[in-house]
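Scroll down for the structure; my scribbles are underneath it.
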Amino acid sequence: MAMHGFSAATIIFAALIASPAASGMNIGGFAFDDNAFADEVTASTGDFELFDTPPSLSAALTDTDPGTGAFSFDKGASVTLRFVDNVLINGPGRDLVLFETGVVDTFRVTIDGVTRDVLSSSTGETAGGFDLNAAAIDLSEFGLGSGARISEVRIALDHRSPDPRPTVPSLTLAAALNSQPAEPPLPARLALLLSGLAGLGLPRPHPRS
């Protein structure tokens with residue numbers, strides 16, 4: 001059965017590959033899709049101080065406001081962030097940006113079991129009344145191949161900068177420069193599409209016996 005010159009198979013294929021148009025925002029000179037930010041704090045160690053009054057550690061690190069964040073002076077303090085809507089992908093150039101405010105500091109980042117120290121640098125902007133700094137990360141530096149997909153990043157926040165001004169990182173945001181939608185498994189997507197086809201009155205394929 002055809003519908004305005006398009007077969008049901010064509011409609012299914014188009015729906016499978018279609019994705020909503022992404023808008024975006026610019027922070028610290030980096031352009032991000034709206035859904036490119038970390039979605040969850042899955043683990044944390046240490047006691048954290050929150051700034052600019054976010055309601056929780058998770059809210060401080062998973063919003064899109066570079067002026068809210070957290071820091072800790074506890075030895076071993078760390079957070080593990082998960083990207084749910086979009087997963088990180090090792091694409092061209094830098095793939096992930098970590099933001100902090102204040103003076104430049106070092107993040108100790110672990111991705112796929114590999115740990116690297118990453119120094120932030122000034123963006124020339126401010127957030128929450130402080131200088132906004134950023135550390136742009138290439139996933140290739142963690143031994144990942146081109147196109148590799150990653151959903152979790154562990155960030156140690158107890159690395160103290162040298163005297164005379166010892167400070168620790170004040171993490172505010174983690175956002176992906178290169179990402180892909182974390183799509184549901186194909187059978188689940190097909191089930192949703194078949195439900196939609198039933199609503200349109202299009203014939204449903206019959207499973208072979």
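Identifiers in this document derive from the order of the structure tokens: chains are assigned A, B, ..., residues are numbered from 1 separately in each chain, and ligands are numbered from 1 in order of occurrence.
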Picked from stretch 42-103 of chain A by DSSP as strand (DSSP E), as an NGL selection string
:A and (42-45 or 49-51 or 69-71 or 78-82 or 86-89 or 96-101)
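With only C-alpha atoms as the atoms that count, the residue of A:Ser72, A:Gln180, A:Thr110, A:Thr172 with the shortest distance to A:Asp85 is A:Gln180.
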Using only C-alpha atoms, the shortest atom-to-atom distance to A:Thr80 among A:Leu144, A:Asp39, A:Leu173, A:Glu152 belongs to A:Glu152
Residue neighbourhood A:Gly124, 9 Å, only C-alpha atoms, exclusion window fewer than 5 positions, as a PDB file with N, CA, C and O atoms, in the first residue's frame:
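Output saved as selection-v7.pdb:
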ATOM      1  N   GLY A  28      31.676  30.203  26.881  1.00  0.00           N
ATOM      2  CA  GLY A  28      33.130  30.314  26.897  1.00  0.00           C
ATOM      3  C   GLY A  28      33.775  30.204  25.533  1.00  0.00           C
ATOM      4  O   GLY A  28      34.922  29.778  25.426  1.00  0.00           O
ATOM      5  N   GLY A  29      33.027  30.546  24.478  1.00  0.00           N
ATOM      6  CA  GLY A  29      33.565  30.453  23.132  1.00  0.00           C
ATOM      7  C   GLY A  29      33.386  29.091  22.486  1.00  0.00           C
ATOM      8  O   GLY A  29      33.830  28.887  21.356  1.00  0.00           O
ATOM      9  N   ASP A 131      36.086  34.558  37.012  1.00  0.00           N
ATOM     10  CA  ASP A 131      36.616  34.201  35.700  1.00  0.00           C
ATOM     11  C   ASP A 131      36.167  32.788  35.334  1.00  0.00           C
ATOM     12  O   ASP A 131      36.183  31.881  36.174  1.00  0.00           O
ATOM     13  N   LEU A 132      35.780  32.609  34.088  1.00  0.00           N
ATOM     14  CA  LEU A 132      35.351  31.299  33.610  1.00  0.00           C
ATOM     15  C   LEU A 132      36.497  30.638  32.853  1.00  0.00           C
ATOM     16  O   LEU A 132      37.033  31.197  31.892  1.00  0.00           O
ATOM     17  N   ASN A 133      36.890  29.444  33.303  1.00  0.00           N
ATOM     18  CA  ASN A 133      37.984  28.685  32.693  1.00  0.00           C
ATOM     19  C   ASN A 133      37.430  27.398  32.082  1.00  0.00           C
ATOM     20  O   ASN A 133      36.371  26.914  32.479  1.00  0.00           O
TER      21      ASN A 133
END
Which polymer residues have any atom within 8 Å of an atom of A:Val118, counting only C-alpha atoms, with same-chain residues fewer than 3 positions away left out, as a VMD selection string? chain A and resid 106 to 109 135 137
- Task: Might you pull out every residue within 10 Å of A:Val97, with only C-alpha atoms counted and same-chain residues fewer than 5 positions away left off, and present them as a PyMOL selection string?
- Result: chain A and resi 28+30+32+37+120+134-138+173-177
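For A:Gly147, the residues within 6 Å (counting only C-alpha atoms, excluding itself and residues fewer than 6 positions away along the chain) are A:Ile89, A:Asn90, A:Gly91.
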Mind running stretch 86-158 of chain A against stretch 54-71 of chain A at 8 Å and telling me each contacting residue's nearest atom pair with the distance in Å (one decimal), counting only C-alpha atoms, chain and number ascending, as a Markdown table?
| residue | atom | partner | partner_atom | distance |
| --- | --- | --- | --- | --- |
| A:Phe99 | CA | A:Pro66 | CA | 7.0 |
| A:Glu100 | CA | A:Pro66 | CA | 7.5 |
| A:Thr101 | CA | A:Gly67 | CA | 7.6 |
| A:Ala127 | CA | A:Gly67 | CA | 4.6 |
| A:Gly128 | CA | A:Gly67 | CA | 4.3 |
| A:Gly129 | CA | A:Gly67 | CA | 7.9 |
| A:Leu132 | CA | A:Pro66 | CA | 7.8 |
| A:Leu157 | CA | A:Phe71 | CA | 6.9 |
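Across the model, the gap from atom CA of A:His159 to atom CA of A:Asp47 is 14.9 Å.
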| message | Given only C-alpha atoms as the basis, pick out the residue of A:Val41, A:Gly46, A:Asp112, A:Ala156 nearest to A:Leu88. | response |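 Using only C-alpha atoms, A:Leu88 sits closest to A:Asp112.
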Choose the residue, out of A:Asn86, A:Thr45, A:Ser122, A:Asn26, that has the smallest atom-to-atom separation from A:Arg154; count only C-alpha atoms.
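Between A:Asn86, A:Thr45, A:Ser122, A:Asn26, the residue approaching A:Arg154 most closely is A:Thr45.
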*Where in stretch 25-100 of chain A does DSSP assign helix (DSSP H, G or I), given as a list in words?*
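For stretch 25-100 of chain A, the helix (DSSP H, G or I) set is Leu57, Ser58, Ala59, Ala60, Leu61 and Thr62 of chain A.
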- Item | Among listed residues A:Ala43, A:Val103, A:Ile111, A:Ile27, nearest A:Val153 (using only C-alpha atoms) |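 The closest residue to A:Val153 is A:Ile111.
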- Residue neighbourhood A:Arg165, 12 Å, only C-alpha atoms, exclusion window fewer than 2 positions, as a count of residues only: 10
